[in-house]
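Encoded as structure tokens, the structure appears first; notes follow it.
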Amino acid sequence: MIAKIAVDKAAFGFDKLFDYAVPESLEEKAKPGCRVLVSFGAGAQKRQGMIFALSESPEDQDVKIKNISAVLDGEPVLTPELMDLARHLAKRTFCPLFEAAKAMLPPGLNYKPSYRYFAAAKDCESDEEQRVINWLLKKRSGAEAAAIRKAFGFSDNRLLDSMAERGLLRKEEIARRKTGDETTKMARLTEKQAELMEQGSSVLKKPTEKQSAVLEFLRDAGAACVKEITYFTAAGKAVADGLEKKGAIEYFEQEALRTPYKDKVRHVSPSEIILSDEQQSAFDGIASLCASGRAETALLFGVTGSGKTQVFIKLIEREISKGSQVILMVPEISLTPQMINKFIAYFGGDVAVMHSALSAGERIDEWKRIASGKAKIIVGTRSAVFAPAKNLGLIIMDEEQEQSYKSDRSPRFHARDAAAYRCAKLGITLLLASATPSIETFYRAKTGKIELFEMRERYGNAKLPDSVIVDMKEEVMSGRMGVLSEALAEDIKYNLDNGMQSILLMNRRGYNTVARCAKCGTVKECPRCNIPLIYHKANGRLMCHYCGHSEPATINCEACGSEYVMYSGCGTQKVEDELSALFPEARILRMDLDTTMAKFSHDRHFADFADGKYDIMVGTQMVAKGLDFPNVTLVGVLAADMSLYGGDYRSYERTFSLLTQVIGRCGRAELPGRAYIQTYSPEHSVIVRSCAQDYRLFYEDEIINRKVMLYPPFCAMGSVLFSGTSERQTRDAAETFSKLLEGKIAETGIPIRILGPTPSHIAKIADKWRWKLIVKYRPDNAFFETMGAALKEFAKNKEFVKIEVMADPYDIN
């Protein structure tokens with residue numbers, strides 16, 4: 001039997017399904033979707049692979065076929081449906097097939113090739129080698145390389161490999177999973193004891209009272225963990241150990257799934273939700289699509305606070321009542337705590353969670369609960385689109401416009417397109433939802449390509465907040481140089497006096513954003529990147545947010561030697577300081593990357609804010625979307641211009657979405673909301689439309705610009721990024737590929753426009769220069785085949801072997 005295998009770390013230019021022979025001993029285990037260990041390349045290095053197909057004969061009869069070394073999985077870890085999705089992703093994102101498959105598995109489930117060594121001789125001349133042999137002679141099952149290195153202080157395996165080559169050690173290749181399964185020590189009656197108890201006897205001649213209690217408990221329970229035995233019988237662990245030694249009971253290990261939210265329980269029924277007329281109309285229409293048995297896509301377009309989540313809950317209740325599973329995606333980890341808590345309240349243990357803040361073990365076990373069907377509802381970030389649900393009935397994508405749904409690592413997929421592909425293949429519905437949908441999605445809805453359902457009013461008695469634009473030029477002219485305008489500061493004071501909460505958005509972390517010499521004008525930049533360092537007051541250091549470089553803050557200029565380095569600009573840390581100075585009695589919560597590094601920090605901070613332990617929350621965009629705090633009546637946007645002039649065609653769209661979403665965080669219950677937008681461009685149409693919460697007018701302005709300039713949705717846009725340590729070679733690589741692609745276009749005649757190559761927006765990151773091509777294209781098979789062929793041909797050019805090439809079909813940055 002021949003296995004068609006995608007091999008790990010195969011270069012994209014040479015990637016394909018490689019033929020390997022399946023030894024007779026492994027034929028029953030080798031199945032499509034299982035991972036294997038194989039020898040690959042001239043050095044016969046051991047690598048992971050995945051079986052994608054089995055056949056009776058190799059593709060090339062003249063090539064010597066290697067054997068599979070081991071099958072790593074007892075059962076397939078990918079279903080045929082997910083393997084098909086992996087093929088689709090590999091083709092559409094220009095990545096190796098194994099890389100696409102690997103992205104669908106939790107990281108801890110991956111195997112790492114390793115080696116085990118055994119003593120093969122008793123004596124040798126070297127004292128050091130003799131110590132290794134003596135140590136291994138005491139270990140019948142040998143020892144892994146890592147354990148030997150630790151025991152003897154070796155930095156690598158060179159001595160061990162040398163001893164193996166000379167016959168002193170025997171070396172065996174193994175594969176170890178990065179994260180093991182969690183198990184619980186269990187106890188049960190032995191077969192003999194169970195039979196004797198049926199006859200009123202025991203293997204013990206005279207069991208004590210506590211021994212009898214343990215035996216009777218296990219007879220009734222069948223099996224129990226040691227902790228349960230001691231709790232229910234009042235017998236210590238020593239009693240159970242004694243029974244095990246006498247053959248009355250036996251211990252065994254049982255897998256215990258690590259569930260991150262096991263302490264939370266269901267306490268509300270979805271039937272208690274009463275939908276408004278608008279919600280009911282949307283629910284009925286979407287439910288009808290779900291019942292059609294066809295692949296459908298719909299947009300639920302509702303203003304902030306219109307109750308989209310309640311519609312989700314009713315739709316999910318409908319699907320799981322039929323035995324289906326549902327995926328609900330949210331764009332960021334910061335949005336998951338409230339969403340998870342809400343869904344667990346309604347659905348309890350049927351909910352599984354998938355996001356990167358979980359431990360490796362928890363991610364594996366949530367994956368297992370989904371694959372087994374024990375979890376019906378999957379809530380998570382973009383990786384949730386790969387959930388191994390075998391009876392998928394609906395995929396919901398909340399805040400579908402968010403760019404965090406796009407992966408910036410290989411495979412560079414967009415969760416929306418991966419979800420659409422799964423739904424198309426399974427014949428189910430994809431529901432996109434947002435108060436500020438992407439221009440592309442709303443265009444598709446307006447042109448009838450997908451269904452549109454609207455909710456124009458907030459749920460219940462809540463009203464959209466009153467919004468005010470504050471011209472910061474006037475504040476400066478009046479001598480007010482602080483972060484907060486006079487009007488916003490007064491309203492914050494009003495909220496503090498009346499027990500109401502406020503949210504302030506400053507979409508930049510750190511304290512000061514620029515360190516510049518007042519004498520010569522030199523800006524303090526990262527030595528590894530072309531970007532200014534950011535001052536962080538919390539640690540007194542200048543830091544790069546791209547490569548992680550850090551150095552002490554200073555007033556000394558390296559360029560001219562003066563002591564006039566001045567710090568300017570504003571980040572969340574400075575806002576926090578100014579708030580503390582203005583309102584010393586206020587309890588302030590800062591939410592940014594620096595304060596949310598710990599596990600479940602988002603959950604804890606948001607829960608504390610909801611419980612009223614803080615008066616003001618200031619943060620980056622993580623405080624702007626999807627959050628629902630009834631006591632928040634004031635929102636302030638402190639630097640609305642920050643993203644407005646971002647230098648790419650999506651700057652206006654991102655700014656409008658961010659402002660509209662954060663304004664929508666206030667006035668969501670009985671109390672009315674107020675919002676202040678601080679800007680130096682008060683007449684700008686995006687600022688005006690955001691203040692009015694008028695998405696349709698913004699869309700009408702933006703779609704005209706997109707059509708004139710030929711931007712999405714009137715084409716697709718991608719990029720090819722080149723990076724290397726030599727600026728000249730990196731530029732030459734970009735220019736060479738550009739000419740190669742132009743030749744391919746001339747041959748095929750497909751419509752592709754090439755812009756560039758030019759230096760990237762940030763020309764150097766982590767000591768690597770970056771050049772970029774932008775391509776405008778029609779997203780059909782012809783484009784992906786042409787681009788793939790050009791990339792593979794370029795990969796064979798040995799002149800640019802040190803240049804890293806990254807093709808991205810979604811250039812949204």
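Just remember, in the structure tokens the first chain shown is A, the second B, etc., residues are 1-based per chain, and ligands are 1-based in the order shown.
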
### Task
Tell me, as a list in words, which residues lie within 10 Å of Pro759 of chain A, counting only C-alpha atoms; anything in the same chain fewer than 2 positions away does not count.
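In the requested form, the answer reads Leu721, Phe722, Glu727, Thr730, Arg731, Ala734, Gly756, Pro757, His761, Ile762, Ala763, Lys764, Trp769, Arg770, Trp771, Lys772 and Leu773 of chain A.
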
Include all heavy atoms and write out the residues we just selected as a compact mmCIF listing (two decimals), in the first residue's frame.
# COMPACT_ATOMS: atom_id res chain seq x y z
N LEU A 721 5.38 39.90 -0.26
CA LEU A 721 6.38 40.60 0.55
C LEU A 721 7.71 39.87 0.47
O LEU A 721 7.78 38.64 0.58
CB LEU A 721 5.92 40.64 2.01
CG LEU A 721 6.86 41.34 3.00
CD1 LEU A 721 6.92 42.83 2.72
CD2 LEU A 721 6.41 41.07 4.43
N PHE A 722 8.79 40.62 0.30
CA PHE A 722 10.14 40.08 0.24
C PHE A 722 10.93 40.66 1.41
O PHE A 722 10.90 41.87 1.63
CB PHE A 722 10.81 40.47 -1.09
CG PHE A 722 10.06 40.00 -2.30
CD1 PHE A 722 8.99 40.74 -2.79
CD2 PHE A 722 10.42 38.82 -2.94
CE1 PHE A 722 8.29 40.30 -3.90
CE2 PHE A 722 9.71 38.39 -4.05
CZ PHE A 722 8.65 39.13 -4.53
N GLU A 727 19.48 44.99 1.88
CA GLU A 727 18.45 45.82 1.26
C GLU A 727 18.48 45.70 -0.26
O GLU A 727 17.43 45.58 -0.91
CB GLU A 727 18.63 47.28 1.68
CG GLU A 727 17.55 48.21 1.13
CD GLU A 727 17.71 49.64 1.57
OE1 GLU A 727 18.78 49.99 2.09
OE2 GLU A 727 16.75 50.41 1.39
N THR A 730 17.18 42.30 -1.45
CA THR A 730 15.73 42.22 -1.23
C THR A 730 15.00 42.98 -2.33
O THR A 730 14.00 42.49 -2.89
CB THR A 730 15.36 42.80 0.15
OG1 THR A 730 16.10 42.12 1.16
CG2 THR A 730 13.88 42.64 0.42
N ARG A 731 15.50 44.18 -2.67
CA ARG A 731 14.89 44.96 -3.75
C ARG A 731 15.02 44.22 -5.09
O ARG A 731 14.05 44.14 -5.86
CB ARG A 731 15.58 46.32 -3.85
CG ARG A 731 15.00 47.24 -4.93
CD ARG A 731 15.98 48.34 -5.26
NE ARG A 731 17.21 47.79 -5.82
CZ ARG A 731 18.38 48.43 -5.83
NH1 ARG A 731 18.50 49.62 -5.26
NH2 ARG A 731 19.44 47.86 -6.37
N ALA A 734 12.48 41.44 -5.37
CA ALA A 734 11.13 41.95 -5.66
C ALA A 734 11.00 42.32 -7.13
O ALA A 734 9.99 42.01 -7.78
CB ALA A 734 10.83 43.16 -4.76
N GLY A 756 4.05 48.45 -7.94
CA GLY A 756 5.35 48.30 -7.29
C GLY A 756 6.32 47.52 -8.16
O GLY A 756 6.11 47.40 -9.38
N PRO A 757 7.42 47.05 -7.55
CA PRO A 757 7.65 46.94 -6.10
C PRO A 757 8.11 48.26 -5.47
O PRO A 757 8.72 49.09 -6.13
CB PRO A 757 8.76 45.89 -6.00
CG PRO A 757 9.49 46.01 -7.31
CD PRO A 757 8.46 46.38 -8.34
N HIS A 761 5.62 49.78 4.08
CA HIS A 761 5.28 50.91 4.94
C HIS A 761 6.31 51.07 6.06
O HIS A 761 6.73 52.18 6.39
CB HIS A 761 3.88 50.71 5.52
CG HIS A 761 3.46 51.74 6.50
ND1 HIS A 761 3.38 53.09 6.20
CD2 HIS A 761 3.12 51.65 7.82
CE1 HIS A 761 2.99 53.77 7.25
NE2 HIS A 761 2.84 52.92 8.25
N ILE A 762 6.71 49.95 6.66
CA ILE A 762 7.85 49.93 7.59
C ILE A 762 8.96 49.18 6.86
O ILE A 762 8.87 47.97 6.65
CB ILE A 762 7.49 49.25 8.92
CG1 ILE A 762 6.32 49.99 9.57
CG2 ILE A 762 8.68 49.23 9.86
CD1 ILE A 762 5.78 49.33 10.81
N ALA A 763 9.98 49.89 6.46
CA ALA A 763 10.98 49.34 5.53
C ALA A 763 11.86 48.27 6.15
O ALA A 763 12.42 47.44 5.43
CB ALA A 763 11.84 50.46 4.97
N LYS A 764 12.02 48.28 7.47
CA LYS A 764 12.87 47.29 8.12
C LYS A 764 12.27 46.88 9.45
O LYS A 764 11.89 47.73 10.25
CB LYS A 764 14.29 47.84 8.34
CG LYS A 764 15.28 46.79 8.87
CD LYS A 764 16.71 47.32 8.95
CE LYS A 764 16.89 48.32 10.06
NZ LYS A 764 18.31 48.64 10.32
N TRP A 769 15.16 43.89 5.78
CA TRP A 769 14.56 44.87 4.88
C TRP A 769 13.36 44.25 4.19
O TRP A 769 13.32 43.05 3.92
CB TRP A 769 15.59 45.34 3.85
CG TRP A 769 16.74 46.06 4.50
CD1 TRP A 769 17.93 45.53 4.88
CD2 TRP A 769 16.76 47.43 4.88
NE1 TRP A 769 18.72 46.49 5.47
CE2 TRP A 769 18.03 47.68 5.48
CE3 TRP A 769 15.87 48.50 4.75
CZ2 TRP A 769 18.40 48.92 5.96
CZ3 TRP A 769 16.24 49.74 5.22
CH2 TRP A 769 17.49 49.95 5.82
N ARG A 770 12.37 45.10 3.87
CA ARG A 770 11.10 44.60 3.34
C ARG A 770 10.70 45.40 2.09
O ARG A 770 10.61 46.62 2.13
CB ARG A 770 10.01 44.73 4.42
CG ARG A 770 10.25 43.88 5.64
CD ARG A 770 9.67 44.50 6.91
NE ARG A 770 8.27 44.84 6.79
CZ ARG A 770 7.27 44.01 7.05
NH1 ARG A 770 7.53 42.77 7.46
NH2 ARG A 770 6.02 44.40 6.92
N TRP A 771 10.46 44.66 1.01
CA TRP A 771 9.93 45.24 -0.23
C TRP A 771 8.64 44.51 -0.56
O TRP A 771 8.46 43.34 -0.21
CB TRP A 771 10.94 45.13 -1.37
CG TRP A 771 11.98 46.23 -1.32
CD1 TRP A 771 12.94 46.38 -0.38
CD2 TRP A 771 12.10 47.32 -2.23
NE1 TRP A 771 13.68 47.51 -0.63
CE2 TRP A 771 13.20 48.10 -1.77
CE3 TRP A 771 11.43 47.72 -3.39
CZ2 TRP A 771 13.61 49.26 -2.43
CZ3 TRP A 771 11.85 48.85 -4.04
CH2 TRP A 771 12.92 49.62 -3.57
N LYS A 772 7.78 45.21 -1.29
CA LYS A 772 6.42 44.69 -1.45
C LYS A 772 5.86 44.95 -2.84
O LYS A 772 6.10 46.01 -3.43
CB LYS A 772 5.53 45.36 -0.40
CG LYS A 772 4.16 44.78 -0.20
CD LYS A 772 3.50 45.51 0.96
CE LYS A 772 2.19 44.87 1.37
NZ LYS A 772 1.58 45.58 2.51
N LEU A 773 5.13 43.96 -3.34
CA LEU A 773 4.32 44.11 -4.56
C LEU A 773 2.86 44.08 -4.15
O LEU A 773 2.45 43.26 -3.32
CB LEU A 773 4.54 42.93 -5.51
CG LEU A 773 5.78 42.82 -6.37
CD1 LEU A 773 5.71 41.51 -7.14
CD2 LEU A 773 5.86 43.98 -7.33

### Message
Neighbouring residues of segment 460-474 of chain A were defined as those with any atom within 10 Å, considering only C-alpha atoms; residues of the same chain fewer than 2 positions away were excluded. Please report them as a ChimeraX atom specification.
### Response
/A:275-276,303-307,457-458,476-481,483-488,633-640,663-683,687-688,690-693

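Scanning segment 214-251 of chain A with DSSP on the backbone, the helix (DSSP H, G or I) assignments fall on Val214, Leu215, Glu216, Phe217, Leu218, Arg219, Asp220, Ala221, Val226, Lys227, Glu228, Ile229, Thr230, Tyr231, Phe232, Thr233, Lys237, Ala238, Val239, Ala240, Asp241, Gly242, Leu243, Glu244 and Lys245 of chain A.
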
### Task
Go through A:Pro337, A:Gly427, A:Gly510, A:Gly499 and flag the residue nearest Ala607 of chain A, using only C-alpha atoms for the distances.
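Looking only at the distances to Ala607 of chain A, the closest residue turns out to be A:Pro337.
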
#### Entry: Residue contacts of segment 16-32 of chain A (8 Å, only C-alpha atoms) excluding same-chain residues fewer than 5 positions away, as a ChimeraX atom specification
/A:1-7,50-54,58-59,65-68,70-71,73-76,80,96-97

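Using only C-alpha atoms, the shortest contact distance between Arg369 of chain A and any of A:Leu289, A:Ala298, A:Val351, A:Ala384 is found at A:Val351.
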
#### Entry: Residue contacts of Leu218 of chain A (12 Å, only C-alpha atoms) excluding same-chain residues fewer than 4 positions away, as a PyMOL selection string
chain A and resi 186-190+193-194+197+211-214+222-226+228-230+232-233+240+243+248-251

### Task
Per DSSP on the backbone, filter segment 371-520 of chain A down to the residues in strand (DSSP E or B) and report them as a ChimeraX atom specification.
/A:377-380,392-398,406,414,429-434,451-455,466-471,501-505,512,514-517

### Task
Please provide the set of residues having any atom within 8 Å of His414 of chain A, restricted to only C-alpha atoms, with same-chain residues fewer than 4 positions apart removed, written as JSON, numbers by chain.
{"A": [405, 406, 407, 418, 810]}

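The space between atom CA of Lys519 of chain A and atom CA of Tyr564 of chain A spans 6.4 Å.
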
### Query
Glu525 of chain A: which residues within 9 Å, counting only C-alpha atoms, same-chain residues fewer than 5 positions away excluded, as a list in words?
Val514, Ala515, Asn530, Ile531, Pro532, Leu533, Ile534 and Cys544 of chain A

Output of the above residues as a PDB file, in the first residue's frame, restricted to all heavy atoms:
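Saved the output as part03.pdb:
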ATOM      1  N   VAL A 514       6.839  59.373  20.976  1.00  0.00           N
ATOM      2  CA  VAL A 514       8.017  59.865  20.253  1.00  0.00           C
ATOM      3  C   VAL A 514       9.021  60.436  21.248  1.00  0.00           C
ATOM      4  O   VAL A 514       8.650  61.197  22.149  1.00  0.00           O
ATOM      5  CB  VAL A 514       7.643  60.959  19.223  1.00  0.00           C
ATOM      6  CG1 VAL A 514       8.908  61.499  18.536  1.00  0.00           C
ATOM      7  CG2 VAL A 514       6.683  60.423  18.176  1.00  0.00           C
ATOM      8  N   ALA A 515      10.309  60.078  21.074  1.00  0.00           N
ATOM      9  CA  ALA A 515      11.403  60.688  21.831  1.00  0.00           C
ATOM     10  C   ALA A 515      12.282  61.414  20.807  1.00  0.00           C
ATOM     11  O   ALA A 515      12.948  60.776  19.986  1.00  0.00           O
ATOM     12  CB  ALA A 515      12.199  59.630  22.578  1.00  0.00           C
ATOM     13  N   ASN A 530      12.780  50.320  11.307  1.00  0.00           N
ATOM     14  CA  ASN A 530      12.595  51.720  10.926  1.00  0.00           C
ATOM     15  C   ASN A 530      11.333  52.276  11.569  1.00  0.00           C
ATOM     16  O   ASN A 530      10.339  52.571  10.895  1.00  0.00           O
ATOM     17  CB  ASN A 530      12.501  51.857   9.403  1.00  0.00           C
ATOM     18  CG  ASN A 530      13.858  51.784   8.741  1.00  0.00           C
ATOM     19  OD1 ASN A 530      14.065  51.012   7.837  1.00  0.00           O
ATOM     20  ND2 ASN A 530      14.806  52.586   9.203  1.00  0.00           N
ATOM     21  N   ILE A 531      11.370  52.417  12.878  1.00  0.00           N
ATOM     22  CA  ILE A 531      10.163  52.891  13.565  1.00  0.00           C
ATOM     23  C   ILE A 531      10.566  53.502  14.905  1.00  0.00           C
ATOM     24  O   ILE A 531      11.511  53.034  15.553  1.00  0.00           O
ATOM     25  CB  ILE A 531       9.151  51.736  13.763  1.00  0.00           C
ATOM     26  CG1 ILE A 531       7.774  52.279  14.124  1.00  0.00           C
ATOM     27  CG2 ILE A 531       9.633  50.738  14.803  1.00  0.00           C
ATOM     28  CD1 ILE A 531       6.665  51.300  13.863  1.00  0.00           C
ATOM     29  N   PRO A 532       9.902  54.593  15.334  1.00  0.00           N
ATOM     30  CA  PRO A 532      10.243  55.211  16.620  1.00  0.00           C
ATOM     31  C   PRO A 532       9.980  54.280  17.800  1.00  0.00           C
ATOM     32  O   PRO A 532       9.043  53.474  17.782  1.00  0.00           O
ATOM     33  CB  PRO A 532       9.324  56.439  16.677  1.00  0.00           C
ATOM     34  CG  PRO A 532       8.935  56.705  15.263  1.00  0.00           C
ATOM     35  CD  PRO A 532       8.884  55.371  14.594  1.00  0.00           C
ATOM     36  N   LEU A 533      10.809  54.408  18.821  1.00  0.00           N
ATOM     37  CA  LEU A 533      10.591  53.662  20.057  1.00  0.00           C
ATOM     38  C   LEU A 533       9.507  54.355  20.882  1.00  0.00           C
ATOM     39  O   LEU A 533       9.354  55.577  20.835  1.00  0.00           O
ATOM     40  CB  LEU A 533      11.889  53.587  20.862  1.00  0.00           C
ATOM     41  CG  LEU A 533      13.008  52.734  20.252  1.00  0.00           C
ATOM     42  CD1 LEU A 533      14.310  52.939  21.014  1.00  0.00           C
ATOM     43  CD2 LEU A 533      12.626  51.267  20.222  1.00  0.00           C
ATOM     44  N   ILE A 534       8.763  53.569  21.643  1.00  0.00           N
ATOM     45  CA  ILE A 534       7.673  54.084  22.476  1.00  0.00           C
ATOM     46  C   ILE A 534       8.125  54.058  23.940  1.00  0.00           C
ATOM     47  O   ILE A 534       8.639  53.043  24.415  1.00  0.00           O
ATOM     48  CB  ILE A 534       6.397  53.223  22.309  1.00  0.00           C
ATOM     49  CG1 ILE A 534       6.018  53.074  20.833  1.00  0.00           C
ATOM     50  CG2 ILE A 534       5.254  53.798  23.127  1.00  0.00           C
ATOM     51  CD1 ILE A 534       5.630  54.352  20.162  1.00  0.00           C
ATOM     52  N   CYS A 544      10.233  48.811  21.416  1.00  0.00           N
ATOM     53  CA  CYS A 544       9.737  48.632  20.054  1.00  0.00           C
ATOM     54  C   CYS A 544       8.583  47.646  20.085  1.00  0.00           C
ATOM     55  O   CYS A 544       8.735  46.529  20.594  1.00  0.00           O
ATOM     56  CB  CYS A 544      10.856  48.121  19.136  1.00  0.00           C
ATOM     57  SG  CYS A 544      10.280  47.771  17.451  1.00  0.00           S
TER      58      CYS A 544
END

### Query
If we count only C-alpha atoms, what is near Asp8 of chain A at a cut-off of 8 Å, once residues fewer than 4 positions away on the same chain are taken out, given as an MDAnalysis selection string?
chainID A and resid 47:49 98:99

Take the residues from that selection and put them in a file with N, CA and C atoms, as a CSV table (one decimal), in the first residue's frame.
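What landed in result.csv:
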chain,number,residue,atom,x,y,z
A,47,ARG,N,10.6,13.5,10.0
A,47,ARG,CA,9.7,14.6,10.0
A,47,ARG,C,8.3,14.1,10.2
A,48,GLN,N,7.4,14.9,10.7
A,48,GLN,CA,6.0,14.6,10.7
A,48,GLN,C,5.4,14.7,9.3
A,49,GLY,N,4.4,14.0,9.1
A,49,GLY,CA,3.6,14.1,7.9
A,49,GLY,C,2.2,13.7,8.1
A,98,PHE,N,1.0,20.6,4.5
A,98,PHE,CA,1.1,20.2,5.9
A,98,PHE,C,0.9,21.4,6.8
A,99,GLU,N,1.4,22.5,6.4
A,99,GLU,CA,1.2,23.7,7.2
A,99,GLU,C,-0.3,24.1,7.3

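Distances here use only C-alpha atoms; by that measure, the residue among A:Lys314, A:Arg294, A:Arg140, A:Arg590 closest to Lys425 of chain A is A:Arg294.
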
### Query
To one decimal place, how far is atom CA of Asp615 of chain A from atom CA of His536 of chain A in Å?
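Value for the atom CA of Asp615 of chain A-atom CA of His536 of chain A distance: 23.7 Å.
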
### Summary
With distances taken over only C-alpha atoms, the candidate from A:Ser201, A:Thr758, A:Ser651, A:Gln573 nearest Thr595 of chain A is A:Gln573

### Summary
Among A:Thr786, A:Ser288, A:Asn512, A:Asn495, Ile428 of chain A is approached most closely, using only C-alpha atoms, by A:Ser288
